[in-house]
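Have a look at the structure below before the remarks.
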Amino acid sequence: MQMTTRDVLLEMDQEEEDDDDGDIVLDNLEQTAVSSFGALESQPDFRTPEFEEFNGKLDSLFFNDGQRRIDFVLVYEDESRKENNKKGSNEKQRRKRRAYESNLICDGLHLEATRSILDDKLVFVKVHAPWEVLCTYAEIMHIKLPLKPNDLKTRSSAFDNFSWFTKVLQVDESIIKPEQEFFTAPFEKNRMNDFYIQDRDTFFNPATRSRIVYFILSRIMYQVRDNVKKFGINKLVSSGIYKAAFPLHDCNFSHKSEDLSCPSERYLLYREWAHPRSIYKKQPLDLIRKYYGEKIGIYFAWLGYYTQMLLLAAVVGVACFLYGYFNQDNCTWSKEVCHPDIGGKIIMCPQCDQHCSFWNLNITCESSKKLCIFDSFGTLVFAVFMGIWVTLFLEFWKRRQAELEYEWDTVELQQEEQPRPEYEAQCTHVVINEITQEQERVPFTTWGKCVRITLCASAVLFWILLIIASVIGIIVYRLSVFIVFSTKLPETLNGTDSIQKYLTPQTATSITASLISFVIIMILNIIYEKVAIMITNFELPRTQTDYENSLTMKMFLFQFVNYYSSCFYIAFFKGKFVGYPGDPVYWLGKYRNEECDPGGCLLELTTQLTIIMGGKAIWNNIQEVLLPWVKNLIGRCRTVSRAEKITPRWEQDYHLQLMGKLGLFYEYLEMIIQFGFVTLFVASFPLAPLLALVNNILEIRVDAWKMTTQYRRMVPEKAQDIGAWQPIMQGIAILAVVTNAMIIAFTSDMIPRLVYYWSFSVPPYGNHTHYTMEGYINSTLSIFKVSDFKNQSKGNPDPKVVIPTTCRYRDFRNPPGHEQQYKHNIYYWHVIAAKLAFIIVMEHLIYSVKFFVSYAIPDVSKTTKSKIRREKYLTQKLLRENHLKDMTKNMGVIAKRMVEVVDNNLRPKSE
């Protein structure tokens with residue numbers, strides 16, 4: 001019996017100690033491959049061909065015979081035509097490649113090689129999977145395929161009565177025709193007659209064909225070394241044996257294919273999805289799913305649904321912003337700050353030691369006016385609304401996701417995920433499986449796994465601490481530069497009052513620190529991306545899903561700390577532990593802790609969010625649009641002029657950018673970080689949903705343009721949901737309730753104002769006869785006696801200004817001369833009690849509503865459940881009926897034969 005190359009690989013248990021032994025293995029593979037082709041010499045299409053001259057159409061998706069479809073393309077560089085040709089290493093690469101391609105042919109795939117038109121060193125190997133191979137692996141991969149057309153009613157929309165209005169937003173069905181729906185079942189070769197096979201060439205669509213071929217390419221071996229099997233196209237590409245491996249786009253994005261049999265789906269996607277003129281239209285999700293696969297389809301479905309829900313949040317946020325904007329003139333406490341006889345006569349204590357001087361409260365007039373816009377009653381309403389909005393979004397998305405699972409036929413996805421080639425390549429330890437009681441290979445022992453987990457956890461903790469150290473560095477910068485601005489800025493701006501009222505030392509410190517923080521965040525992102533991948537690779541997850549989930553948690557944890565740590569500092573730590581002028585609190589025993597403006601730190605948090613969120617959106621769009629475009633432009637400039645018009649489809653696609661397996665991961669990560677900004681700190685910035693909405697409208701089209709025009713076609717993958725990102729969003733939603741409640745309670749000045757209005761503006765604490773905000777500023781600024789300053793905490797008074805006997809500071813403490821001077825007064829304890837009560841009431845209120853909403857809205861709608869049950873029933877009935885028909889037919893044949901046998905036996909011998 002003739003052995004195949006795979007048999008040789010499986011039976012090689014000897015260990016190779018050096019390169020010479022590796023050469024022997026490759027020689028054996030090559031000789032076996034040559035001998036295995038002996039029976040196929042009469043069928044030249046099935047063996048590794050000599051180089052073919054391209055003689056087809058430029059947009060052709062077929063072999064030169066015009067019949068076999070190209071399902072995948074492998075690209076390598078011919079070693080014999082390389083400059084500085086190293087015979088030893090190049091010969092090994094050639095042998096590995098030949099062994100791999102020989103093994104592909106032994107597995108049933110057809111190959112055809114052709115040289116590049118633009119660069120004769122490049123060789124393109126076209127791969128075709130014949131019908132038998134497709135059927136075999138469709139059964140192995142549990143791929144669901146059509147049984148019969150679906151006769152159930154399609155999903156109805158609540159907006160059907162407004163079709164005249166929504167028609168403008170819909171994709172033109174005359175251009176992108178709706179896909180026919182089918183009842184489906186996992187494919188089985190022995191039940192092939194049960195499936196809806198009208199044309200073998202179209203039964204497996206191009207996306208399914210590419211997925212099957214990639215499954216084969218990822219599991220074909222090419223070498224056994226040190227008792228370790230080496231296999232998979234990914235390993236060959238990463239080691240440089242192949243330069244690329246990809247499925248083909250079906251045509252040029254700018255015009256239809258010349259082949260009338262080609263659906264030109266790429267052109268349709270560009271025209272109706274990626275083109276700027278389609279920015280207002282809904283996404284053609286069914287075509288996206290058909291062309292790119294369910295995994296990419298579910299991402300764009302989620303992003304589109306998130307953007308739709310942001311529209312409601314943006315409208316409410318703008319309304320709350322406008323409420324604060326138009327009511328800022330009625331802000332009594334801001335008027336008192338700006339009033340020359342109130343704020344102009346209040347002398348504030350120095351905010352740093354030795355270098356800072358006394359200052360008048362009215363220099364914060366402009367910032368207090370801006371603060372009135374964001375720190376208003378509308379902010380409280382919006383924070384409560386967003387706590388409910390995020391629950392509605394997550395619950396309704398689950399329902400939408402369930403509908404897509406039904407429509408895209410992933411309800412019972414039986415795709416048993418295979419181990420990653422990188423994992424299988426390290427399987428050198430033999431253990432007994434507890435379930436099967438059979439021997440199996442694993443990459444490391446239980447003790448080794450514990451060691452790896454410990455090392456990975458330690459590495460993650462170390463890098464998180466490094467991020468926190470960078471945040472502390474920014475804090476030290478803020479403390480240091482505030483002293484400089486407090487000393488130099490008044491001199492620099494002397495005589496420019498119109499600028500000075502806007503550019504205070506606090507404002508200058510906040511803006512520069514936010515910009516530096518943004519730059520550091522962007523730099524750390526680049527570093528942590530590589531670190532997270534290195535840690536995950538060392539961890540060695542078993543499957544691709546496990547790999548992505550592990551990387552997701554690490555990257556999100558890194559970026560959560562990286563992006564949000566500075567916001568958490570401003571919101572919950574800055575100005576909270578400062579002591580008082582006579583006894584300030586110091587950082588690291590040297591730097592005096594920084595204080596907030598008299599109106600609180602809310603405006604500074606808003607500034608930080610605006611810079612980071614806006615800067616991140618601009619930077620990401622530059623990366624996503626300019627970088628691929630520039631790279632492709634450079635690539636085209638290196639080739640012959642007007643290359644696209646003279647090169648075939650596979651060569652045009654080769655010069656596009658590679659998106660990679662983690663390309664979609666970064667898209668999700670970008671949006672989840674934005675989701676955190678929109679929900680975690682929205683109480684300080686009601687315009688965040690509006691910025692996110694505008695960004696996402698552009699993001700959808702930018703991603704569409706990028707995938708359709710600038711990147712190679714990705715291998716289609718199945719997916720039921722958005723994976724680990726769903727629980728991450730749920731965790732953010734829970735945390736958002738706490739952060740927004742604490743921002744309103746501790747960062748804004750809303751609770752102290754309410755306590756003053758309802759308790760301290762009237763007797764017995766106040767002198768007013770009615771509830772009012774008048775006198776709020778004077779009531780909330782404590783008095784300090786200048787003579788009580790310690791030497792190290794004294795300011796540097798301006799020689800032109802008379803030194804006051806007392807100064808004011810932001811706190812609720814007893815005045816000098818009181819029996820408990822500089823201790824917290826009764827107002828402070830009222831405010832603390834009100835803040836804690838507010839947090840408890842707001843959290844319980846929103847969590848109760850969230851629980852009720854989650855309970856009231858099932859994850860799967862009743863209609864979708866009925867359709868799933870109905871389809872399952874009809875599918876089983878169809879398969880059972882067909883099976884009974886076959887059995888009845890077979891029984892009839894058997895009975896007929898038995899009757900004939902009996903008749904023959906009973907017939908008289910004379911006859």
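The way I read the labels, and the way they are meant: chains A, B, ... in the order of the structure tokens, residue 1 as the first residue of every chain, and ligand 1 as the first ligand shown, with later ones counted on from there.
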**Message:** Which residues are close to stretch 774-781 of chain A, i.e. within 10 Å by only C-alpha atoms, leaving aside same-chain residues fewer than 5 positions away? Reply as an NGL selection string.
**Reply:** :A and (332-337 or 342-343 or 346 or 348 or 361 or 598-599 or 752-753 or 756-757 or 760-761 or 766-768 or 807-813 or 827-828)
Could you dump the residues just selected with C-alpha atoms as an mmCIF file, in the first residue's frame?
data_model
loop_
_atom_site.group_PDB
_atom_site.id
_atom_site.type_symbol
_atom_site.label_atom_id
_atom_site.label_comp_id
_atom_site.auth_asym_id
_atom_site.auth_seq_id
_atom_site.Cartn_x
_atom_site.Cartn_y
_atom_site.Cartn_z
ATOM 1 C CA THR A 332 -26.669 82.877 42.155
ATOM 2 C CA TRP A 333 -23.419 81.502 43.532
ATOM 3 C CA SER A 334 -21.598 82.303 40.278
ATOM 4 C CA LYS A 335 -22.900 85.850 40.416
ATOM 5 C CA GLU A 336 -21.518 86.194 43.927
ATOM 6 C CA VAL A 337 -18.105 85.000 42.757
ATOM 7 C CA ILE A 342 -18.499 89.990 47.142
ATOM 8 C CA GLY A 343 -16.017 87.861 45.210
ATOM 9 C CA ILE A 346 -12.863 87.897 49.322
ATOM 10 C CA MET A 348 -8.202 83.561 49.259
ATOM 11 C CA LEU A 361 -11.956 85.027 44.458
ATOM 12 C CA PRO A 598 -13.898 77.086 44.902
ATOM 13 C CA GLY A 599 -16.619 75.564 42.684
ATOM 14 C CA PRO A 752 -23.504 71.330 49.407
ATOM 15 C CA ARG A 753 -25.686 73.820 47.511
ATOM 16 C CA TYR A 756 -27.397 75.229 52.105
ATOM 17 C CA TYR A 757 -30.637 75.968 50.260
ATOM 18 C CA PHE A 760 -28.478 76.809 56.173
ATOM 19 C CA SER A 761 -30.057 79.706 54.301
ATOM 20 C CA GLY A 766 -29.041 81.271 58.285
ATOM 21 C CA ASN A 767 -30.285 84.849 58.433
ATOM 22 C CA HIS A 768 -32.634 84.753 55.398
ATOM 23 C CA CYS A 807 -7.903 84.716 54.231
ATOM 24 C CA ARG A 808 -10.510 82.235 53.013
ATOM 25 C CA TYR A 809 -10.220 78.640 51.853
ATOM 26 C CA ARG A 810 -12.575 75.975 50.506
ATOM 27 C CA ASP A 811 -13.743 73.850 53.437
ATOM 28 C CA PHE A 812 -16.330 73.682 56.225
ATOM 29 C CA ARG A 813 -14.337 74.461 59.374
ATOM 30 C CA TYR A 827 -22.360 72.214 58.026
ATOM 31 C CA TYR A 828 -19.640 69.708 57.086
#
**Message:** I'd like the contact shell of stretch 568-579 of chain A - 7 Å cut-off, only C-alpha atoms, skipping same-chain residues fewer than 2 positions apart - returned as a list of chain:residue names.
**Reply:**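 So the residues in contact are A:Tyr564, A:Ser565, A:Ser566, A:Asp583, A:Pro584, A:Val585, A:Asn593, A:Glu594, A:Glu595, A:Cys596, A:Cys601, A:Leu605, A:Ile743, A:Phe746, A:Thr747.
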Give me, as an mmCIF file with all heavy atoms, in the first residue's frame, all polymer residues having an atom no more than 10 Å from A:Lys345, counting only C-alpha atoms and skipping those fewer than 4 positions away in the same chain.
data_model
loop_
_atom_site.group_PDB
_atom_site.id
_atom_site.type_symbol
_atom_site.label_atom_id
_atom_site.label_comp_id
_atom_site.auth_asym_id
_atom_site.auth_seq_id
_atom_site.Cartn_x
_atom_site.Cartn_y
_atom_site.Cartn_z
ATOM 1 N N VAL A 337 -19.544 85.091 43.029
ATOM 2 C CA VAL A 337 -18.105 85.000 42.757
ATOM 3 C C VAL A 337 -17.656 86.153 41.887
ATOM 4 O O VAL A 337 -16.578 86.744 42.100
ATOM 5 C CB VAL A 337 -17.784 83.645 42.074
ATOM 6 C CG1 VAL A 337 -16.335 83.628 41.566
ATOM 7 C CG2 VAL A 337 -18.010 82.475 43.020
ATOM 8 N N HIS A 339 -19.182 89.089 41.496
ATOM 9 C CA HIS A 339 -19.567 90.413 41.995
ATOM 10 C C HIS A 339 -18.362 91.103 42.626
ATOM 11 O O HIS A 339 -17.683 90.528 43.477
ATOM 12 C CB HIS A 339 -20.696 90.284 43.019
ATOM 13 C CG HIS A 339 -21.447 91.550 43.229
ATOM 14 N ND1 HIS A 339 -20.930 92.623 43.946
ATOM 15 C CD2 HIS A 339 -22.676 91.941 42.812
ATOM 16 C CE1 HIS A 339 -21.804 93.609 43.974
ATOM 17 N NE2 HIS A 339 -22.892 93.212 43.277
ATOM 18 N N PRO A 340 -18.069 92.361 42.217
ATOM 19 C CA PRO A 340 -16.872 93.042 42.769
ATOM 20 C C PRO A 340 -16.950 93.299 44.266
ATOM 21 O O PRO A 340 -15.909 93.388 44.930
ATOM 22 C CB PRO A 340 -16.823 94.350 41.974
ATOM 23 C CG PRO A 340 -18.206 94.549 41.451
ATOM 24 C CD PRO A 340 -18.768 93.186 41.223
ATOM 25 N N ASP A 341 -18.177 93.427 44.810
ATOM 26 C CA ASP A 341 -18.315 93.688 46.243
ATOM 27 C C ASP A 341 -18.382 92.424 47.078
ATOM 28 O O ASP A 341 -18.400 92.502 48.308
ATOM 29 C CB ASP A 341 -19.572 94.533 46.498
ATOM 30 C CG ASP A 341 -19.455 95.929 45.908
ATOM 31 O OD1 ASP A 341 -18.313 96.429 45.819
ATOM 32 O OD2 ASP A 341 -20.495 96.498 45.501
ATOM 33 N N TRP A 359 -4.885 85.766 46.687
ATOM 34 C CA TRP A 359 -5.581 86.088 45.444
ATOM 35 C C TRP A 359 -7.060 86.342 45.715
ATOM 36 O O TRP A 359 -7.627 85.879 46.700
ATOM 37 C CB TRP A 359 -5.410 84.966 44.425
ATOM 38 C CG TRP A 359 -5.783 83.593 44.940
ATOM 39 C CD1 TRP A 359 -5.060 82.824 45.800
ATOM 40 C CD2 TRP A 359 -6.968 82.852 44.622
ATOM 41 N NE1 TRP A 359 -5.691 81.643 46.048
ATOM 42 C CE2 TRP A 359 -6.880 81.615 45.329
ATOM 43 C CE3 TRP A 359 -8.070 83.077 43.813
ATOM 44 C CZ2 TRP A 359 -7.861 80.641 45.264
ATOM 45 C CZ3 TRP A 359 -9.041 82.105 43.736
ATOM 46 C CH2 TRP A 359 -8.946 80.906 44.450
ATOM 47 N N ASN A 360 -7.676 87.111 44.836
ATOM 48 C CA ASN A 360 -9.088 87.441 44.972
ATOM 49 C C ASN A 360 -9.955 86.363 44.323
ATOM 50 O O ASN A 360 -9.624 85.832 43.264
ATOM 51 C CB ASN A 360 -9.395 88.794 44.324
ATOM 52 C CG ASN A 360 -8.760 89.943 45.089
ATOM 53 O OD1 ASN A 360 -8.622 89.883 46.316
ATOM 54 N ND2 ASN A 360 -8.364 90.982 44.381
ATOM 55 N N LEU A 361 -11.073 86.090 44.933
ATOM 56 C CA LEU A 361 -11.956 85.027 44.458
ATOM 57 C C LEU A 361 -12.511 85.310 43.069
ATOM 58 O O LEU A 361 -12.751 84.378 42.293
ATOM 59 C CB LEU A 361 -13.115 84.842 45.455
ATOM 60 C CG LEU A 361 -14.143 83.763 45.106
ATOM 61 C CD1 LEU A 361 -13.479 82.393 45.052
ATOM 62 C CD2 LEU A 361 -15.283 83.763 46.124
ATOM 63 N N ASN A 362 -12.695 86.580 42.729
ATOM 64 C CA ASN A 362 -13.359 86.886 41.452
ATOM 65 C C ASN A 362 -12.499 86.585 40.227
ATOM 66 O O ASN A 362 -12.983 86.693 39.109
ATOM 67 C CB ASN A 362 -13.820 88.343 41.425
ATOM 68 C CG ASN A 362 -12.662 89.315 41.516
ATOM 69 O OD1 ASN A 362 -11.527 88.925 41.797
ATOM 70 N ND2 ASN A 362 -12.937 90.590 41.281
#
**Request:** Just list the residues in stretch 433-635 of chain A DSSP gives helix (DSSP H, G or I) on the backbone, as a ChimeraX atom specification.
**Result:** /A:446-492,497-500,505-539,544-572,602-635
Return as a Markdown table the residues of stretch 667-767 of chain A lying at most 10 Å from stretch 621-624 of chain A, together with the closest atom-to-atom pair for each and the distance in Å to one decimal, counting only C-alpha atoms, with rows in chain order and ascending residue number.
| residue | atom | partner | partner_atom | distance |
| --- | --- | --- | --- | --- |
| A:Glu667 | CA | A:Glu624 | CA | 10.0 |
| A:Asn695 | CA | A:Asn621 | CA | 9.0 |
| A:Leu698 | CA | A:Asn621 | CA | 8.8 |
| A:Glu699 | CA | A:Asn621 | CA | 7.6 |
| A:Val702 | CA | A:Glu624 | CA | 7.4 |
| A:Asp703 | CA | A:Glu624 | CA | 7.7 |
| A:Trp705 | CA | A:Glu624 | CA | 9.9 |
| A:Lys706 | CA | A:Glu624 | CA | 7.4 |
